[in-house]
file protein.pdb (PDB, C-alpha atoms and all ligand atoms)
ATOM      1  CA  MET A   1      90.549 101.804 112.161  1.00  0.00           C
ATOM      2  CA  ASN A   2      93.266 103.486 114.214  1.00  0.00           C
ATOM      3  CA  ASN A   3      93.975 100.995 116.891  1.00  0.00           C
ATOM      4  CA  ILE A   4      95.465  97.809 115.569  1.00  0.00           C
ATOM      5  CA  SER A   5      97.023  95.997 118.455  1.00  0.00           C
ATOM      6  CA  ASN A   6      96.254  92.317 118.060  1.00  0.00           C
ATOM      7  CA  PHE A   7      95.959  89.711 115.327  1.00  0.00           C
ATOM      8  CA  ASN A   8      92.183  89.964 115.168  1.00  0.00           C
ATOM      9  CA  ASP A   9      92.425  93.711 114.533  1.00  0.00           C
ATOM     10  CA  ALA A  10      94.991  93.106 111.815  1.00  0.00           C
ATOM     11  CA  LEU A  11      92.687  90.656 110.105  1.00  0.00           C
ATOM     12  CA  ASP A  12      89.701  92.983 110.372  1.00  0.00           C
ATOM     13  CA  ALA A  13      91.788  95.744 108.815  1.00  0.00           C
ATOM     14  CA  ALA A  14      92.672  93.481 105.890  1.00  0.00           C
ATOM     15  CA  ILE A  15      89.029  92.498 105.405  1.00  0.00           C
ATOM     16  CA  ASN A  16      88.167  96.188 105.313  1.00  0.00           C
ATOM     17  CA  LYS A  17      90.873  96.884 102.785  1.00  0.00           C
ATOM     18  CA  GLU A  18      89.582  94.099 100.544  1.00  0.00           C
ATOM     19  CA  ILE A  19      86.025  95.440 100.774  1.00  0.00           C
ATOM     20  CA  ASN A  20      87.432  98.844  99.767  1.00  0.00           C
ATOM     21  CA  ALA A  21      89.158  97.172  96.827  1.00  0.00           C
ATOM     22  CA  VAL A  22      85.861  95.668  95.640  1.00  0.00           C
ATOM     23  CA  ASN A  23      84.219  99.094  95.831  1.00  0.00           C
ATOM     24  CA  PHE A  24      87.184 100.754  94.164  1.00  0.00           C
ATOM     25  CA  TYR A  25      87.003  98.446  91.153  1.00  0.00           C
ATOM     26  CA  LYS A  26      83.230  98.799  90.934  1.00  0.00           C
ATOM     27  CA  LYS A  27      83.768 102.567  90.522  1.00  0.00           C
ATOM     28  CA  ALA A  28      86.715 101.991  88.189  1.00  0.00           C
ATOM     29  CA  MET A  29      84.500  99.850  85.978  1.00  0.00           C
ATOM     30  CA  ASN A  30      82.499 102.943  84.987  1.00  0.00           C
ATOM     31  CA  ILE A  31      85.573 105.012  84.153  1.00  0.00           C
ATOM     32  CA  VAL A  32      88.322 102.940  82.570  1.00  0.00           C
ATOM     33  CA  ASN A  33      87.234 102.281  79.033  1.00  0.00           C
ATOM     34  CA  TYR A  34      90.081 101.098  76.840  1.00  0.00           C
ATOM     35  CA  PRO A  35      89.297  97.837  75.012  1.00  0.00           C
ATOM     36  CA  GLY A  36      89.384  94.883  77.377  1.00  0.00           C
ATOM     37  CA  ALA A  37      89.472  96.997  80.532  1.00  0.00           C
ATOM     38  CA  LYS A  38      86.038  95.971  81.710  1.00  0.00           C
ATOM     39  CA  ASP A  39      86.894  92.252  81.527  1.00  0.00           C
ATOM     40  CA  MET A  40      90.047  92.796  83.550  1.00  0.00           C
ATOM     41  CA  ILE A  41      88.211  94.848  86.160  1.00  0.00           C
ATOM     42  CA  ALA A  42      85.375  92.320  86.371  1.00  0.00           C
ATOM     43  CA  ASP A  43      88.002  89.644  87.117  1.00  0.00           C
ATOM     44  CA  PHE A  44      89.548  91.856  89.773  1.00  0.00           C
ATOM     45  CA  ILE A  45      86.170  92.425  91.429  1.00  0.00           C
ATOM     46  CA  ARG A  46      85.590  88.659  91.569  1.00  0.00           C
ATOM     47  CA  GLU A  47      89.041  88.070  92.983  1.00  0.00           C
ATOM     48  CA  GLU A  48      88.866  90.825  95.603  1.00  0.00           C
ATOM     49  CA  LYS A  49      85.518  89.404  96.730  1.00  0.00           C
ATOM     50  CA  ARG A  50      87.191  86.038  97.090  1.00  0.00           C
ATOM     51  CA  HIS A  51      89.927  87.659  99.180  1.00  0.00           C
ATOM     52  CA  VAL A  52      87.255  88.958 101.557  1.00  0.00           C
ATOM     53  CA  GLN A  53      85.939  85.385 101.886  1.00  0.00           C
ATOM     54  CA  LEU A  54      89.440  83.953 102.366  1.00  0.00           C
ATOM     55  CA  LEU A  55      90.148  86.423 105.151  1.00  0.00           C
ATOM     56  CA  LYS A  56      86.803  85.818 106.813  1.00  0.00           C
ATOM     57  CA  ALA A  57      87.509  82.080 106.740  1.00  0.00           C
ATOM     58  CA  ALA A  58      90.967  82.749 108.186  1.00  0.00           C
ATOM     59  CA  LYS A  59      89.374  84.746 110.968  1.00  0.00           C
ATOM     60  CA  GLU A  60      87.198  81.767 111.894  1.00  0.00           C
ATOM     61  CA  SER A  61      90.089  79.303 111.804  1.00  0.00           C
ATOM     62  CA  LYS A  62      91.303  77.619 114.945  1.00  0.00           C
ATOM     63  CA  ASP A  63      94.666  79.228 114.528  1.00  0.00           C
ATOM     64  CA  MET A  64      93.092  82.639 115.006  1.00  0.00           C
ATOM     65  CA  ILE A  65      91.193  81.472 118.078  1.00  0.00           C
ATOM     66  CA  SER A  66      94.538  80.823 119.726  1.00  0.00           C
ATOM     67  CA  VAL A  67      96.423  83.917 118.506  1.00  0.00           C
ATOM     68  CA  GLY A  68      93.623  86.451 117.914  1.00  0.00           C
ATOM     69  CA  GLN A  69      94.082  88.432 121.105  1.00  0.00           C
ATOM     70  CA  LYS A  70      97.864  88.237 121.011  1.00  0.00           C
ATOM     71  CA  SER A  71      99.665  91.515 120.497  1.00  0.00           C
ATOM     72  CA  LEU A  72     101.246  92.122 117.137  1.00  0.00           C
ATOM     73  CA  PRO A  73     105.031  92.282 116.982  1.00  0.00           C
ATOM     74  CA  PRO A  74     105.973  95.926 117.619  1.00  0.00           C
ATOM     75  CA  ASP A  75     108.055  96.300 114.461  1.00  0.00           C
ATOM     76  CA  LEU A  76     105.150  95.573 112.139  1.00  0.00           C
ATOM     77  CA  GLU A  77     103.902  98.323 109.911  1.00  0.00           C
ATOM     78  CA  ILE A  78     100.243  97.751 109.286  1.00  0.00           C
ATOM     79  CA  THR A  79      98.417 101.052 109.483  1.00  0.00           C
ATOM     80  CA  LYS A  80     100.427 102.845 106.838  1.00  0.00           C
ATOM     81  CA  PHE A  81      99.305 100.335 104.214  1.00  0.00           C
ATOM     82  CA  LEU A  82      95.610 100.577 105.014  1.00  0.00           C
ATOM     83  CA  VAL A  83      94.807 103.917 103.434  1.00  0.00           C
ATOM     84  CA  ASP A  84      93.872 103.598  99.784  1.00  0.00           C
ATOM     85  CA  VAL A  85      94.051 106.260  97.109  1.00  0.00           C
ATOM     86  CA  ALA A  86      90.459 107.301  96.468  1.00  0.00           C
ATOM     87  CA  ILE A  87      88.842 107.933  93.107  1.00  0.00           C
ATOM     88  CA  THR A  88      85.657 109.780  92.218  1.00  0.00           C
ATOM     89  CA  GLU A  89      83.373 109.647  89.225  1.00  0.00           C
ATOM     90  CA  ASN A  90      85.335 112.636  87.896  1.00  0.00           C
ATOM     91  CA  SER A  91      88.655 110.800  87.935  1.00  0.00           C
ATOM     92  CA  THR A  92      90.167 110.165  84.531  1.00  0.00           C
ATOM     93  CA  PRO A  93      90.901 106.612  83.312  1.00  0.00           C
ATOM     94  CA  GLN A  94      94.600 107.327  83.764  1.00  0.00           C
ATOM     95  CA  GLU A  95      94.116 108.558  87.344  1.00  0.00           C
ATOM     96  CA  VAL A  96      92.109 105.444  88.106  1.00  0.00           C
ATOM     97  CA  MET A  97      94.849 103.168  86.738  1.00  0.00           C
ATOM     98  CA  ILE A  98      97.511 104.983  88.761  1.00  0.00           C
ATOM     99  CA  ALA A  99      95.406 104.776  91.937  1.00  0.00           C
ATOM    100  CA  ALA A 100      94.772 101.069  91.301  1.00  0.00           C
ATOM    101  CA  MET A 101      98.503 100.355  90.944  1.00  0.00           C
ATOM    102  CA  LYS A 102      99.240 102.249  94.173  1.00  0.00           C
ATOM    103  CA  ASN A 103      96.503 100.453  96.056  1.00  0.00           C
ATOM    104  CA  GLU A 104      97.665  97.050  94.873  1.00  0.00           C
ATOM    105  CA  GLU A 105     101.172  97.986  95.904  1.00  0.00           C
ATOM    106  CA  SER A 106     100.044  98.806  99.422  1.00  0.00           C
ATOM    107  CA  ALA A 107      98.036  95.559  99.539  1.00  0.00           C
ATOM    108  CA  ILE A 108     101.224  93.650  98.635  1.00  0.00           C
ATOM    109  CA  ALA A 109     103.119  95.496 101.379  1.00  0.00           C
ATOM    110  CA  LEU A 110     100.347  94.837 103.874  1.00  0.00           C
ATOM    111  CA  TYR A 111     100.397  91.101 103.183  1.00  0.00           C
ATOM    112  CA  ALA A 112     104.182  91.027 103.338  1.00  0.00           C
ATOM    113  CA  GLN A 113     103.853  92.315 106.923  1.00  0.00           C
ATOM    114  CA  LYS A 114     101.243  89.690 107.666  1.00  0.00           C
ATOM    115  CA  VAL A 115     103.379  86.879 106.292  1.00  0.00           C
ATOM    116  CA  LYS A 116     105.983  88.016 108.827  1.00  0.00           C
ATOM    117  CA  ALA A 117     103.473  88.326 111.655  1.00  0.00           C
ATOM    118  CA  PHE A 118     101.963  84.891 111.070  1.00  0.00           C
ATOM    119  CA  LYS A 119     105.225  83.094 110.343  1.00  0.00           C
ATOM    120  CA  GLY A 120     105.081  79.464 111.409  1.00  0.00           C
ATOM    121  CA  THR A 121     101.290  79.408 111.798  1.00  0.00           C
ATOM    122  CA  GLU A 122      98.680  77.835 109.554  1.00  0.00           C
ATOM    123  CA  LEU A 123      97.794  81.297 108.299  1.00  0.00           C
ATOM    124  CA  GLU A 124     101.195  82.128 106.884  1.00  0.00           C
ATOM    125  CA  PRO A 125     100.429  80.413 103.520  1.00  0.00           C
ATOM    126  CA  VAL A 126      97.075  82.216 103.314  1.00  0.00           C
ATOM    127  CA  PHE A 127      98.759  85.603 103.484  1.00  0.00           C
ATOM    128  CA  HIS A 128     101.471  84.481 101.147  1.00  0.00           C
ATOM    129  CA  GLU A 129      98.868  83.502  98.583  1.00  0.00           C
ATOM    130  CA  LEU A 130      97.036  86.791  99.013  1.00  0.00           C
ATOM    131  CA  MET A 131     100.284  88.668  98.506  1.00  0.00           C
ATOM    132  CA  GLN A 132     100.932  86.742  95.281  1.00  0.00           C
ATOM    133  CA  MET A 133      97.452  87.453  93.953  1.00  0.00           C
ATOM    134  CA  GLU A 134      97.764  91.186  94.602  1.00  0.00           C
ATOM    135  CA  LYS A 135     101.121  91.098  92.884  1.00  0.00           C
ATOM    136  CA  GLU A 136      99.469  89.561  89.826  1.00  0.00           C
ATOM    137  CA  HIS A 137      96.932  92.388  89.845  1.00  0.00           C
ATOM    138  CA  LYS A 138      99.690  94.963  90.025  1.00  0.00           C
ATOM    139  CA  ASP A 139     101.700  93.353  87.210  1.00  0.00           C
ATOM    140  CA  HIS A 140      98.593  93.120  85.061  1.00  0.00           C
ATOM    141  CA  LEU A 141      97.727  96.781  85.713  1.00  0.00           C
ATOM    142  CA  GLU A 142     101.269  97.894  84.931  1.00  0.00           C
ATOM    143  CA  ASN A 143     101.270  96.061  81.612  1.00  0.00           C
ATOM    144  CA  GLU A 144      97.893  97.483  80.675  1.00  0.00           C
ATOM    145  CA  TYR A 145      98.958 100.947  81.762  1.00  0.00           C
ATOM    146  CA  GLU A 146     102.017 100.851  79.530  1.00  0.00           C
ATOM    147  CA  ARG A 147     100.042  99.483  76.642  1.00  0.00           C
ATOM    148  CA  ASN A 148      97.210 101.989  76.845  1.00  0.00           C
ATOM    149  CA  PHE A 149      98.526 105.145  78.454  1.00  0.00           C
ATOM    150  CA  MET A 150     102.171 105.472  77.522  1.00  0.00           C
ATOM    151  CA  PRO A 151     102.837 107.119  74.183  1.00  0.00           C
ATOM    152  CA  ASP A 152     104.883 105.331  71.505  1.00  0.00           C
ATOM    153  CA  ASN A 153     104.207 101.841  72.705  1.00  0.00           C
TER     154      ASN A 153
HETATM  155 FE    FE B 201      92.715  91.670  97.356  1.00  0.00          FE
END
call {"tool": "encode", "arguments": {"input": "protein.pdb", "output": "structure tokens"}}
result
Amino acid sequence: MNNISNFNDALDAAINKEINAVNFYKKAMNIVNYPGAKDMIADFIREEKRHVQLLKAAKESKDMISVGQKSLPPDLEITKFLVDVAITENSTPQEVMIAAMKNEESAIALYAQKVKAFKGTELEPVFHELMQMEKEHKDHLENEYERNFMPDN
């Protein structure tokens, strides 16, 4: 998605990113294998699926009907947070964890931009909540990374 000019496009881009997150964690599930990892990743998959639903519901909301075609503020940075770090079945558990942390970080940044864009509308709290949830993922990943991949911990 190269051309993100209005609020509908921005929402579609976020939905896409969440679908990518679901697929990312489904792949990660087969690779990251320290004790407890699969439970964490299963939770993440459930939550990212719920984010897709939240965003789809937001897209249908009456607020979007009124602002959907409106141009985004020009100072918003959306596109640079849409590209996720990819993993393959040959990625190591450590590479997967690092990619996951980076992707959650860009999701947080993306939603921070959306909170700004939708300020004062009914959708502002939706994006704020999404941002918080991605932040929880990132914090959780960072703790697990330190516990399982950093020596002398
Ligand atoms: Fe998400």
call {"tool": "residues_near_ligand", "arguments": {"input": "protein.pdb", "ligand": "ligand FE 201 (chain B)", "cutoff": "10 Å", "atoms": "all atoms listed in the file", "output": "compact mmCIF listing (two decimals) with C-alpha atoms, in the frame of the given file"}}
result
# COMPACT_ATOMS: atom_id res chain seq x y z
CA ALA A 14 92.67 93.48 105.89
CA ILE A 15 89.03 92.50 105.40
CA LYS A 17 90.87 96.88 102.78
CA GLU A 18 89.58 94.10 100.54
CA ILE A 19 86.02 95.44 100.77
CA ASN A 20 87.43 98.84 99.77
CA ALA A 21 89.16 97.17 96.83
CA VAL A 22 85.86 95.67 95.64
CA PHE A 44 89.55 91.86 89.77
CA ILE A 45 86.17 92.42 91.43
CA ARG A 46 85.59 88.66 91.57
CA GLU A 47 89.04 88.07 92.98
CA GLU A 48 88.87 90.82 95.60
CA LYS A 49 85.52 89.40 96.73
CA ARG A 50 87.19 86.04 97.09
CA HIS A 51 89.93 87.66 99.18
CA VAL A 52 87.26 88.96 101.56
CA LEU A 54 89.44 83.95 102.37
CA LEU A 55 90.15 86.42 105.15
CA ASN A 103 96.50 100.45 96.06
CA GLU A 104 97.66 97.05 94.87
CA ALA A 107 98.04 95.56 99.54
CA ILE A 108 101.22 93.65 98.64
CA TYR A 111 100.40 91.10 103.18
CA LEU A 130 97.04 86.79 99.01
CA MET A 131 100.28 88.67 98.51
CA GLN A 132 100.93 86.74 95.28
CA MET A 133 97.45 87.45 93.95
CA GLU A 134 97.76 91.19 94.60
CA LYS A 135 101.12 91.10 92.88
CA HIS A 137 96.93 92.39 89.84
call {"tool": "residues_around", "arguments": {"input": "protein.pdb", "residues": "region 70-72 of chain A", "least_positions_apart": "4", "cutoff": "9 Å", "atoms": "all atoms listed in the file", "output": "number ranges by chain"}}
result
A: 4-8, 10, 66, 76, 117
call {"tool": "atom_distance", "arguments": {"input": "protein.pdb", "atom1": "CA of Glu77 (chain A)", "atom2": "CA of Ala112 (chain A)"}}
result
9.8 Å
call {"tool": "closest_residue", "arguments": {"input": "protein.pdb", "among": "A:Asn143, A:Asp9, A:Asp152, A:Glu89", "to": "Gln69 (chain A)", "atoms": "only C-alpha atoms"}}
result
A:Asp9
call {"tool": "closest_residue", "arguments": {"input": "protein.pdb", "among": "A:Val32, A:Ile65, A:Leu82, A:Met97", "to": "Glu146 (chain A)", "atoms": "all atoms listed in the file"}}
result
A:Met97
call {"tool": "closest_residue", "arguments": {"input": "protein.pdb", "among": "A:Ala86, A:Val96, A:Met101, A:Ala28", "to": "Ile41 (chain A)", "atoms": "only C-alpha atoms"}}
result
A:Ala28
call {"tool": "build_atoms", "arguments": {"input": "protein.pdb", "residues": "region 108-129 of chain A", "atoms": "N, CA and C atoms", "output": "PDB file, in the coordinates of the input"}}
result
ATOM      1  N   ILE A 108     100.073  94.569  98.632  1.00  0.00           N
ATOM      2  CA  ILE A 108     101.224  93.650  98.635  1.00  0.00           C
ATOM      3  C   ILE A 108     102.054  93.883  99.902  1.00  0.00           C
ATOM      4  N   ALA A 109     102.311  95.154 100.201  1.00  0.00           N
ATOM      5  CA  ALA A 109     103.119  95.496 101.379  1.00  0.00           C
ATOM      6  C   ALA A 109     102.422  95.061 102.668  1.00  0.00           C
ATOM      7  N   LEU A 110     101.116  95.247 102.697  1.00  0.00           N
ATOM      8  CA  LEU A 110     100.347  94.837 103.874  1.00  0.00           C
ATOM      9  C   LEU A 110     100.483  93.326 104.096  1.00  0.00           C
ATOM     10  N   TYR A 111     100.324  92.559 103.024  1.00  0.00           N
ATOM     11  CA  TYR A 111     100.397  91.101 103.183  1.00  0.00           C
ATOM     12  C   TYR A 111     101.819  90.642 103.472  1.00  0.00           C
ATOM     13  N   ALA A 112     102.795  91.368 102.993  1.00  0.00           N
ATOM     14  CA  ALA A 112     104.182  91.027 103.338  1.00  0.00           C
ATOM     15  C   ALA A 112     104.377  91.133 104.853  1.00  0.00           C
ATOM     16  N   GLN A 113     103.776  92.162 105.458  1.00  0.00           N
ATOM     17  CA  GLN A 113     103.853  92.315 106.923  1.00  0.00           C
ATOM     18  C   GLN A 113     103.119  91.181 107.629  1.00  0.00           C
ATOM     19  N   LYS A 114     102.022  90.761 107.038  1.00  0.00           N
ATOM     20  CA  LYS A 114     101.243  89.690 107.666  1.00  0.00           C
ATOM     21  C   LYS A 114     101.940  88.335 107.548  1.00  0.00           C
ATOM     22  N   VAL A 115     102.602  88.113 106.425  1.00  0.00           N
ATOM     23  CA  VAL A 115     103.379  86.879 106.292  1.00  0.00           C
ATOM     24  C   VAL A 115     104.388  86.817 107.441  1.00  0.00           C
ATOM     25  N   LYS A 116     105.018  87.951 107.721  1.00  0.00           N
ATOM     26  CA  LYS A 116     105.983  88.016 108.827  1.00  0.00           C
ATOM     27  C   LYS A 116     105.296  87.751 110.165  1.00  0.00           C
ATOM     28  N   ALA A 117     104.166  88.432 110.373  1.00  0.00           N
ATOM     29  CA  ALA A 117     103.473  88.326 111.655  1.00  0.00           C
ATOM     30  C   ALA A 117     103.020  86.900 111.930  1.00  0.00           C
ATOM     31  N   PHE A 118     102.559  86.212 110.882  1.00  0.00           N
ATOM     32  CA  PHE A 118     101.963  84.891 111.070  1.00  0.00           C
ATOM     33  C   PHE A 118     102.940  83.755 110.755  1.00  0.00           C
ATOM     34  N   LYS A 119     104.205  84.099 110.684  1.00  0.00           N
ATOM     35  CA  LYS A 119     105.225  83.094 110.343  1.00  0.00           C
ATOM     36  C   LYS A 119     105.112  81.866 111.248  1.00  0.00           C
ATOM     37  N   GLY A 120     105.117  80.689 110.616  1.00  0.00           N
ATOM     38  CA  GLY A 120     105.081  79.464 111.409  1.00  0.00           C
ATOM     39  C   GLY A 120     103.683  79.009 111.809  1.00  0.00           C
ATOM     40  N   THR A 121     102.660  79.826 111.492  1.00  0.00           N
ATOM     41  CA  THR A 121     101.290  79.408 111.798  1.00  0.00           C
ATOM     42  C   THR A 121     100.622  78.892 110.525  1.00  0.00           C
ATOM     43  N   GLU A 122      99.445  78.328 110.711  1.00  0.00           N
ATOM     44  CA  GLU A 122      98.680  77.835 109.554  1.00  0.00           C
ATOM     45  C   GLU A 122      98.274  78.962 108.624  1.00  0.00           C
ATOM     46  N   LEU A 123      98.274  80.181 109.125  1.00  0.00           N
ATOM     47  CA  LEU A 123      97.794  81.297 108.299  1.00  0.00           C
ATOM     48  C   LEU A 123      98.887  81.912 107.433  1.00  0.00           C
ATOM     49  N   GLU A 124     100.116  81.556 107.699  1.00  0.00           N
ATOM     50  CA  GLU A 124     101.195  82.128 106.884  1.00  0.00           C
ATOM     51  C   GLU A 124     100.970  81.877 105.379  1.00  0.00           C
ATOM     52  N   PRO A 125     100.640  80.620 104.963  1.00  0.00           N
ATOM     53  CA  PRO A 125     100.429  80.413 103.520  1.00  0.00           C
ATOM     54  C   PRO A 125      99.246  81.189 102.956  1.00  0.00           C
ATOM     55  N   VAL A 126      98.233  81.443 103.786  1.00  0.00           N
ATOM     56  CA  VAL A 126      97.075  82.216 103.314  1.00  0.00           C
ATOM     57  C   VAL A 126      97.525  83.621 102.917  1.00  0.00           C
ATOM     58  N   PHE A 127      98.305  84.239 103.776  1.00  0.00           N
ATOM     59  CA  PHE A 127      98.759  85.603 103.484  1.00  0.00           C
ATOM     60  C   PHE A 127      99.766  85.624 102.345  1.00  0.00           C
ATOM     61  N   HIS A 128     100.531  84.562 102.262  1.00  0.00           N
ATOM     62  CA  HIS A 128     101.471  84.481 101.147  1.00  0.00           C
ATOM     63  C   HIS A 128     100.718  84.419  99.822  1.00  0.00           C
ATOM     64  N   GLU A 129      99.662  83.627  99.798  1.00  0.00           N
ATOM     65  CA  GLU A 129      98.868  83.502  98.583  1.00  0.00           C
ATOM     66  C   GLU A 129      98.190  84.830  98.237  1.00  0.00           C
TER      67      GLU A 129
END
